[in-house]
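Novice: Here's a structure for you.
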Amino acid sequence: MSSRPEIQAPPEIFYNDDEARKYTSSSRIIEIQAKLSERALELLALPEDGVPRLLLDIGCGSGLSGETLTESGHQWVGLDISQSMLDVAVEREVEGDLILGDMGQGLALRPGVVDGAISISAVQWLCNADKSSHDPRKRLKAFFESLYRSLSRGARAVLQVYPENVAQRELILSFAMRAGFAGGIVVDYPHSSKSRKEYLVLTCGPPSLSSATPQGIGEDADCSNDESSEDEENQAVCVSDRHRPRKKQKLNKKTKGRQWVLKKKEQMRKKGNAVPPDSRYTARKRKDHF
Amino acid sequence: MRLLTHNMLSSNIKGVTNGFPLALEVTKLVTKPVDFNPDFLKNMLLKVEWKALVEASRAMGYAELPEQTEPSMVESEEFLRKFHHALLELHLEEGSLVCPQTGRKFPVCKGIPNMLLHEDEV
Ligand SMILES: C[S@@+](CC[C@H](N)C(=O)[O-])C[C@H]1O[C@@H](n2cnc3c(N)ncnc32)[C@H](O)[C@@H]1O
């Protein structure tokens, strides 16, 4: 967590020529991004009629996510703020068209044109203010409003995000809802800090059966065996979904106990992370007041 | 950049109420063959702004598109092939897109339009 790229530099600086090349030649990253994109495409739930659609890839980078769209036969247009990432995409001869642009300035698209949008590991960047003129709230607003407008009625946007904390997740979701989207967050593997992935699944138009948020993978799995199930944040929000009955937001029952928590906190301190001081409340069970 | 993308793009400079279509300034264009898919084209025909596509394809030196479309045209392979070529195979490599309201130019380099706004345009 201490190595979040979002806090190191603005995206167009962080993803420079060097980083763009490194990013796109790592087989580990290629594999992860492909998996995330496949899942996002699945959550888009496009009609299964074999007709290629016109899709948008927001924060398309060097085209790793777009390749999944091409493999499924779709046409896509990608937007990214990093010239270096787009240069790599050109070199790799991706099939989609590329646009150099900043999603925080709003998408420069005409209304109702796209059949669906995906975004893989990009939207959390909007939560940072990289320039004095940047106001994350304004940028989130501009982004979601323009995304809403550009989608055809009933179309979906699936955004895989890495929010830094609960507040960021709520911030992103709230601006999506305010723009008029229906939907919520799907969490895959909520009980594993490594595999845990979050997707905002948004539908353009009023809530309906088709806008009900799908289930995450591994959501109902028994979390007691997973060694990472103590992760405070994961525990607090298994599924943060406004359209889902509260009861389903189940909390982990079993915990590893105080000793384990103290040890974990010590480890985090050694890594230089900000960890709250130990007290008599440490590792106490919280009241299930929600 | 293909005309498919041109047909989607609209200038979003602050205060601009009608940013579509962006005018094309063509310095260099290339054509790249793309697989012909009638289903995709039929779907796209409902979405494209036809007049803008006709004008853009002319600016790219292709004058084969009819001024207007009729629903029956989707049955004609000849028509769909022309539509296919204009929409997907013509690429603007170098040049610019011009905002119809302000005249502001968005440069296109290596096929990538630069739609980044200056701070006072947001
Ligand atoms: C982790 S990369 C993911 C790239 C690609 N989606 C993939 O799956 O490989 C995140 C990308 O988001 C882009 N990005 C960050 N902020 C952006 C913004 N405001 N507008 C457009 N793209 C942005 C970055 O430049 C970077 O290419």
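Ordering of the structure tokens sets the chain letters (A, B, ...); residue numbers start at 1 within each chain; ligands are numbered from 1 in the order shown.
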So that I can check the surroundings of region 15-17 of chain A, please list as a ChimeraX atom specification every protein, DNA and RNA residue that reaches within 7 Å of it, counting only C-alpha atoms and ignoring chain neighbours fewer than 6 positions away.

Specialist: /A:82,84-85

Novice: Sorted by chain and rising residue number, list the residues of chain A at most 8 Å from ligand 1 (counting only C-alpha atoms and all ligand atoms), each with its closest atom pair and distance in Å to one decimal, as CSV.

Specialist:
residue,atom,partner,partner_atom_place_in_ligand_line,distance
A:Pro10,CA,ligand 1,16 (N),7.6
A:Pro11,CA,ligand 1,25 (O),4.8
A:Glu12,CA,ligand 1,25 (O),5.5
A:Phe14,CA,ligand 1,25 (O),7.8
A:Tyr15,CA,ligand 1,25 (O),5.9
A:Ala20,CA,ligand 1,27 (O),7.9
A:Tyr23,CA,ligand 1,9 (O),7.9
A:Thr24,CA,ligand 1,9 (O),7.5
A:Ile29,CA,ligand 1,9 (O),7.6
A:Ile30,CA,ligand 1,9 (O),7.2
A:Gln33,CA,ligand 1,8 (O),4.7
A:Ala34,CA,ligand 1,8 (O),7.1
A:Leu36,CA,ligand 1,8 (O),7.6
A:Ser37,CA,ligand 1,8 (O),6.9
A:Asp57,CA,ligand 1,6 (N),7.2
A:Ile58,CA,ligand 1,22 (N),6.4
A:Gly59,CA,ligand 1,22 (N),3.8
A:Cys60,CA,ligand 1,6 (N),4.0
A:Gly61,CA,ligand 1,27 (O),3.4
A:Ser62,CA,ligand 1,9 (O),6.2
A:Gly63,CA,ligand 1,5 (C),6.0
A:Leu64,CA,ligand 1,9 (O),4.4
A:Ser65,CA,ligand 1,8 (O),4.3
A:Gly66,CA,ligand 1,6 (N),7.5
A:Leu79,CA,ligand 1,21 (C),5.9
A:Asp80,CA,ligand 1,22 (N),3.7
A:Ile81,CA,ligand 1,21 (C),4.1
A:Ser82,CA,ligand 1,25 (O),4.3
A:Gln83,CA,ligand 1,25 (O),8.0
A:Met85,CA,ligand 1,27 (O),5.7
A:Leu86,CA,ligand 1,27 (O),7.9
A:Leu100,CA,ligand 1,21 (C),7.7
A:Gly101,CA,ligand 1,21 (C),5.8
A:Asp102,CA,ligand 1,20 (N),3.6
A:Met103,CA,ligand 1,20 (N),4.0
A:Gly104,CA,ligand 1,19 (N),5.0
A:Gln105,CA,ligand 1,19 (N),7.7
A:Ser119,CA,ligand 1,6 (N),6.0
A:Ile120,CA,ligand 1,6 (N),4.3
A:Ser121,CA,ligand 1,1 (C),4.8
A:Ala122,CA,ligand 1,12 (O),4.0
A:Val123,CA,ligand 1,16 (N),6.6
A:Gln124,CA,ligand 1,16 (N),7.8
A:Trp125,CA,ligand 1,16 (N),4.9
A:Leu126,CA,ligand 1,19 (N),5.9

Novice: Give me, as a ChimeraX atom specification, the residues of chain B touching chain A, with the criterion being at most 9 Å (counting only C-alpha atoms).

Specialist: /B:1-2,4-5,7-13,19-20,37,39-40,43-44,47-48,110-117,119,122

Novice: So that I have them on file, write out the residues from the current selection with N, CA and C atoms, as a short mmCIF file (atom, residue, chain, number, x, y, z; two decimals), in the first residue's frame.

Specialist:
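See result-v1.cif below for the written result:
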data_model
loop_
_atom_site.label_atom_id
_atom_site.label_comp_id
_atom_site.auth_asym_id
_atom_site.auth_seq_id
_atom_site.Cartn_x
_atom_site.Cartn_y
_atom_site.Cartn_z
N MET B 1 -6.34 7.64 -36.23
CA MET B 1 -7.71 7.86 -35.82
C MET B 1 -8.66 7.63 -36.98
N ARG B 2 -9.67 6.79 -36.74
CA ARG B 2 -10.63 6.50 -37.80
C ARG B 2 -11.79 7.50 -37.75
N LEU B 4 -14.76 6.70 -37.45
CA LEU B 4 -15.63 6.22 -36.37
C LEU B 4 -15.41 7.08 -35.12
N THR B 5 -14.15 7.28 -34.80
CA THR B 5 -13.82 8.07 -33.61
C THR B 5 -14.13 9.55 -33.84
N ASN B 7 -16.45 10.66 -35.52
CA ASN B 7 -17.90 10.82 -35.44
C ASN B 7 -18.42 10.81 -33.99
N MET B 8 -17.56 10.36 -33.07
CA MET B 8 -17.95 10.34 -31.65
C MET B 8 -17.49 11.59 -30.92
N LEU B 9 -16.36 12.14 -31.39
CA LEU B 9 -15.72 13.23 -30.66
C LEU B 9 -16.48 14.54 -30.78
N SER B 10 -16.48 15.29 -29.70
CA SER B 10 -17.13 16.58 -29.68
C SER B 10 -16.31 17.50 -28.78
N SER B 11 -16.09 18.70 -29.22
CA SER B 11 -15.28 19.61 -28.42
C SER B 11 -15.97 19.90 -27.09
N ASN B 12 -15.25 19.75 -25.98
CA ASN B 12 -15.88 20.03 -24.69
C ASN B 12 -15.21 21.18 -23.95
N ILE B 13 -14.76 22.14 -24.74
CA ILE B 13 -14.21 23.36 -24.14
C ILE B 13 -15.33 24.07 -23.39
N GLY B 19 -20.18 21.46 -30.01
CA GLY B 19 -18.81 21.11 -30.34
C GLY B 19 -18.69 20.06 -31.42
N PHE B 20 -19.79 19.75 -32.08
CA PHE B 20 -19.81 18.69 -33.07
C PHE B 20 -20.33 19.18 -34.41
N ASN B 37 -17.70 -6.44 -41.29
CA ASN B 37 -18.71 -7.06 -40.44
C ASN B 37 -20.05 -6.32 -40.57
N ASP B 39 -23.01 -6.79 -39.44
CA ASP B 39 -23.80 -6.60 -38.22
C ASP B 39 -23.35 -5.35 -37.46
N PHE B 40 -22.02 -5.21 -37.36
CA PHE B 40 -21.51 -4.03 -36.67
C PHE B 40 -21.94 -2.76 -37.41
N ASN B 43 -25.56 -1.81 -36.82
CA ASN B 43 -25.70 -1.21 -35.50
C ASN B 43 -25.18 0.24 -35.51
N MET B 44 -24.04 0.44 -36.19
CA MET B 44 -23.44 1.77 -36.21
C MET B 44 -24.24 2.77 -37.04
N LYS B 47 -26.28 4.95 -35.18
CA LYS B 47 -25.63 5.88 -34.26
C LYS B 47 -24.88 7.01 -34.92
N VAL B 48 -24.35 6.77 -36.12
CA VAL B 48 -23.50 7.81 -36.70
C VAL B 48 -24.33 9.02 -37.11
N LYS B 110 0.68 11.03 -34.93
CA LYS B 110 0.77 9.56 -34.96
C LYS B 110 -0.61 8.92 -34.81
N GLY B 111 -1.60 9.59 -35.37
CA GLY B 111 -2.95 9.03 -35.33
C GLY B 111 -3.70 9.28 -34.04
N ILE B 112 -3.07 9.97 -33.08
CA ILE B 112 -3.72 10.21 -31.79
C ILE B 112 -4.13 11.66 -31.64
N PRO B 113 -5.44 11.94 -31.55
CA PRO B 113 -5.86 13.31 -31.30
C PRO B 113 -5.57 13.71 -29.85
N ASN B 114 -5.03 14.90 -29.71
CA ASN B 114 -4.75 15.41 -28.37
C ASN B 114 -5.92 16.29 -27.93
N MET B 115 -6.77 15.71 -27.08
CA MET B 115 -7.98 16.42 -26.64
C MET B 115 -7.80 17.07 -25.27
N LEU B 116 -6.56 17.12 -24.78
CA LEU B 116 -6.31 17.74 -23.47
C LEU B 116 -6.65 19.22 -23.54
N LEU B 117 -7.39 19.68 -22.56
CA LEU B 117 -7.78 21.09 -22.53
C LEU B 117 -6.76 21.90 -21.72
N GLU B 119 -5.92 24.86 -18.99
CA GLU B 119 -6.64 25.09 -17.73
C GLU B 119 -7.81 26.06 -17.87
N VAL B 122 -11.28 24.54 -19.12
CA VAL B 122 -12.02 23.54 -18.36
C VAL B 122 -13.18 24.19 -17.61
#

Novice: Return as JSON, numbers by chain the full set of residues in region 14-212 of chain A whose backbone-based DSSP assignment is strand (DSSP E or B).

Specialist: {"A": [54, 55, 56, 57, 58, 75, 76, 77, 78, 79, 80, 97, 98, 99, 100, 109, 114, 115, 116, 117, 118, 119, 120, 151, 152, 153, 154, 155, 156, 157, 158, 159, 160, 161, 182, 183, 184, 185, 186, 187, 188, 197, 198, 199, 200, 201, 202, 203]}

Novice: Excluding Gly103 (chain B) and its own-chain neighbours fewer than 3 positions away, which residues fall within 12 Å of it when counting only C-alpha atoms? Please give them as a CSV table (one decimal) with all heavy atoms, in the first residue's frame.

Specialist:
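Writing the result to selection07.csv gives the following:
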chain,number,residue,atom,x,y,z
B,11,SER,N,-16.1,18.7,-29.2
B,11,SER,CA,-15.3,19.6,-28.4
B,11,SER,C,-16.0,19.9,-27.1
B,11,SER,O,-17.2,20.2,-27.1
B,11,SER,CB,-15.1,20.9,-29.2
B,11,SER,OG,-14.7,22.0,-28.3
B,13,ILE,N,-14.8,22.1,-24.7
B,13,ILE,CA,-14.2,23.4,-24.1
B,13,ILE,C,-15.3,24.1,-23.4
B,13,ILE,O,-16.5,24.1,-23.8
B,13,ILE,CB,-13.7,24.3,-25.3
B,13,ILE,CG1,-12.5,23.6,-26.0
B,13,ILE,CG2,-13.2,25.6,-24.7
B,13,ILE,CD1,-12.1,24.3,-27.3
B,16,VAL,N,-18.6,26.0,-24.8
B,16,VAL,CA,-19.0,25.5,-26.1
B,16,VAL,C,-20.2,24.8,-26.0
B,16,VAL,O,-20.4,23.8,-25.3
B,16,VAL,CB,-17.8,24.7,-26.8
B,16,VAL,CG1,-18.3,24.0,-28.0
B,16,VAL,CG2,-16.6,25.6,-27.1
B,19,GLY,N,-20.2,21.5,-30.0
B,19,GLY,CA,-18.8,21.1,-30.3
B,19,GLY,C,-18.7,20.1,-31.4
B,19,GLY,O,-17.6,19.5,-31.6
B,20,PHE,N,-19.8,19.7,-32.1
B,20,PHE,CA,-19.8,18.7,-33.1
B,20,PHE,C,-20.3,19.2,-34.4
B,20,PHE,O,-21.3,20.0,-34.4
B,20,PHE,CB,-20.7,17.5,-32.6
B,20,PHE,CG,-20.7,16.3,-33.5
B,20,PHE,CD1,-19.7,15.4,-33.4
B,20,PHE,CD2,-21.7,16.2,-34.5
B,20,PHE,CE1,-19.7,14.3,-34.3
B,20,PHE,CE2,-21.6,15.1,-35.3
B,20,PHE,CZ,-20.7,14.2,-35.2
B,21,PRO,N,-19.8,18.7,-35.5
B,21,PRO,CA,-18.6,17.9,-35.6
B,21,PRO,C,-17.3,18.8,-35.7
B,21,PRO,O,-17.4,19.9,-36.1
B,21,PRO,CB,-18.8,17.2,-37.0
B,21,PRO,CG,-19.6,18.2,-37.8
B,21,PRO,CD,-20.5,19.0,-36.8
B,22,LEU,N,-16.2,18.2,-35.3
B,22,LEU,CA,-14.9,18.9,-35.4
B,22,LEU,C,-14.5,18.8,-36.9
B,22,LEU,O,-14.7,17.8,-37.5
B,22,LEU,CB,-13.9,18.1,-34.6
B,22,LEU,CG,-14.2,18.1,-33.0
B,22,LEU,CD1,-13.6,16.9,-32.4
B,22,LEU,CD2,-13.6,19.4,-32.4
B,23,ALA,N,-14.0,20.0,-37.4
B,23,ALA,CA,-13.6,20.0,-38.8
B,23,ALA,C,-12.3,19.3,-38.9
B,23,ALA,O,-11.5,19.2,-37.9
B,23,ALA,CB,-13.4,21.4,-39.2
B,24,LEU,N,-12.0,18.7,-40.0
B,24,LEU,CA,-10.7,17.9,-40.2
B,24,LEU,C,-9.7,18.7,-41.0
B,24,LEU,O,-10.1,19.3,-42.1
B,24,LEU,CB,-11.0,16.6,-41.0
B,24,LEU,CG,-11.7,15.5,-40.3
B,24,LEU,CD1,-11.9,14.3,-41.3
B,24,LEU,CD2,-10.9,15.0,-39.1
B,25,GLU,N,-8.5,18.8,-40.5
B,25,GLU,CA,-7.4,19.3,-41.3
B,25,GLU,C,-6.5,18.1,-41.6
B,25,GLU,O,-5.9,17.6,-40.6
B,25,GLU,CB,-6.7,20.4,-40.6
B,25,GLU,CG,-7.5,21.7,-40.6
B,25,GLU,CD,-6.7,22.8,-40.0
B,25,GLU,OE1,-5.6,22.6,-39.5
B,25,GLU,OE2,-7.2,24.0,-40.0
B,96,SER,N,-5.2,18.0,-37.8
B,96,SER,CA,-5.9,18.5,-36.6
B,96,SER,C,-7.4,18.4,-36.7
B,96,SER,O,-7.9,18.3,-37.8
B,96,SER,CB,-5.4,19.9,-36.2
B,96,SER,OG,-5.2,20.7,-37.3
B,97,LEU,N,-8.0,18.5,-35.6
B,97,LEU,CA,-9.5,18.6,-35.4
B,97,LEU,C,-9.8,20.0,-35.0
B,97,LEU,O,-9.1,20.5,-34.0
B,97,LEU,CB,-10.0,17.6,-34.4
B,97,LEU,CG,-9.5,16.1,-34.7
B,97,LEU,CD1,-10.0,15.2,-33.5
B,97,LEU,CD2,-10.1,15.6,-36.0
B,98,VAL,N,-10.7,20.6,-35.6
B,98,VAL,CA,-11.0,22.0,-35.3
B,98,VAL,C,-12.4,22.2,-34.7
B,98,VAL,O,-13.4,21.8,-35.2
B,98,VAL,CB,-10.9,22.9,-36.5
B,98,VAL,CG1,-10.9,24.4,-36.2
B,98,VAL,CG2,-9.6,22.6,-37.3
B,99,CYS,N,-12.4,22.8,-33.5
B,99,CYS,CA,-13.7,23.1,-32.8
B,99,CYS,C,-14.5,24.0,-33.6
B,99,CYS,O,-14.1,25.1,-34.0
B,99,CYS,CB,-13.4,23.7,-31.4
B,99,CYS,SG,-14.9,24.3,-30.6
B,100,PRO,N,-15.8,23.5,-34.0
B,100,PRO,CA,-16.6,24.3,-34.9
B,100,PRO,C,-17.0,25.7,-34.3
B,100,PRO,O,-17.3,26.6,-35.0
B,100,PRO,CB,-17.8,23.4,-35.1
B,100,PRO,CG,-17.9,22.5,-33.9
B,100,PRO,CD,-16.4,22.3,-33.5
B,106,PHE,N,-7.3,20.9,-32.2
B,106,PHE,CA,-6.7,19.8,-31.4
B,106,PHE,C,-5.8,19.0,-32.4
B,106,PHE,O,-6.3,18.4,-33.3
B,106,PHE,CB,-7.9,18.9,-31.0
B,106,PHE,CG,-8.9,19.6,-30.0
B,106,PHE,CD1,-10.0,20.1,-30.5
B,106,PHE,CD2,-8.6,19.6,-28.6
B,106,PHE,CE1,-10.9,20.8,-29.6
B,106,PHE,CE2,-9.5,20.2,-27.8
B,106,PHE,CZ,-10.6,20.8,-28.3

Novice: Run DSSP on the backbone and give me the residues of region 44-109 of chain B it puts in helix (DSSP H, G or I), as a ChimeraX atom specification.

Specialist: /B:44-45,50-59,71-75,77-89

Novice: Write out as number ranges by chain the residues lying within 12 Å of region 75-79 of chain B, counting only C-alpha atoms and excluding same-chain residues fewer than 2 positions away.

Specialist: B: 36-39, 41-42, 45, 64-66, 68-73, 81-86

Novice: Write the residues of the preceding selection, restricted to C-alpha atoms, as a tab-separated table (two decimals), in the first residue's frame.

Specialist:
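Saved to out-v7.tsv:
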chain	number	residue	atom	x	y	z
B	36	PHE	CA	-15.94	-6.47	-42.96
B	37	ASN	CA	-18.71	-7.06	-40.44
B	38	PRO	CA	-22.22	-6.14	-41.68
B	39	ASP	CA	-23.80	-6.60	-38.22
B	41	LEU	CA	-22.20	-1.63	-39.52
B	42	LYS	CA	-25.96	-1.98	-39.20
B	45	LEU	CA	-25.68	3.14	-38.91
B	64	GLU	CA	-18.31	7.65	-52.43
B	65	LEU	CA	-20.85	7.98	-49.62
B	66	PRO	CA	-24.41	9.00	-50.57
B	68	GLN	CA	-28.43	10.57	-47.31
B	69	THR	CA	-29.23	7.12	-46.04
B	70	GLU	CA	-32.42	5.15	-46.22
B	71	PRO	CA	-33.32	2.14	-44.11
B	72	SER	CA	-33.34	-0.10	-47.18
B	73	MET	CA	-29.64	0.59	-47.79
B	81	ARG	CA	-18.74	-1.75	-48.09
B	82	LYS	CA	-18.47	1.97	-48.72
B	83	PHE	CA	-19.71	2.76	-45.24
B	84	HIS	CA	-17.19	0.24	-43.85
B	85	HIS	CA	-14.33	1.83	-45.73
B	86	ALA	CA	-15.21	5.36	-44.65

Novice: Pick out the residues sitting within 9 Å of region 261-267 of chain A, and hand them over as JSON, numbers by chain; count only C-alpha atoms, and ignore anything fewer than 2 positions along from it in its own chain.

Specialist: {"A": [230, 256, 257, 258, 259, 269, 270, 271, 272, 275, 276, 277, 278, 282, 283]}

Novice: Can you spit out the residues from that selection as a PDB file, in the first residue's frame, using C-alpha atoms?

Specialist:
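To be explicit, this is the file written out as selection.pdb:
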ATOM      1  CA  GLU A 230      -8.253  -9.729   9.335  1.00  0.00           C
ATOM      2  CA  LYS A 256      -7.521 -14.247  14.850  1.00  0.00           C
ATOM      3  CA  GLY A 257      -7.389 -12.620  18.264  1.00  0.00           C
ATOM      4  CA  ARG A 258      -5.505  -9.802  19.893  1.00  0.00           C
ATOM      5  CA  GLN A 259      -2.012 -11.295  19.705  1.00  0.00           C
ATOM      6  CA  ARG A 269       4.843   0.014  11.699  1.00  0.00           C
ATOM      7  CA  LYS A 270       8.192  -1.448  10.665  1.00  0.00           C
ATOM      8  CA  LYS A 271       7.210  -0.896   7.055  1.00  0.00           C
ATOM      9  CA  GLY A 272       6.739   2.744   7.932  1.00  0.00           C
ATOM     10  CA  VAL A 275      -0.832   2.543  12.384  1.00  0.00           C
ATOM     11  CA  PRO A 276      -3.056   3.593  15.287  1.00  0.00           C
ATOM     12  CA  PRO A 277      -1.485   3.074  18.734  1.00  0.00           C
ATOM     13  CA  ASP A 278      -2.373  -0.125  20.604  1.00  0.00           C
ATOM     14  CA  THR A 282      -7.349  -3.091  19.871  1.00  0.00           C
ATOM     15  CA  ALA A 283      -8.801  -6.223  18.246  1.00  0.00           C
TER      16      ALA A 283
END
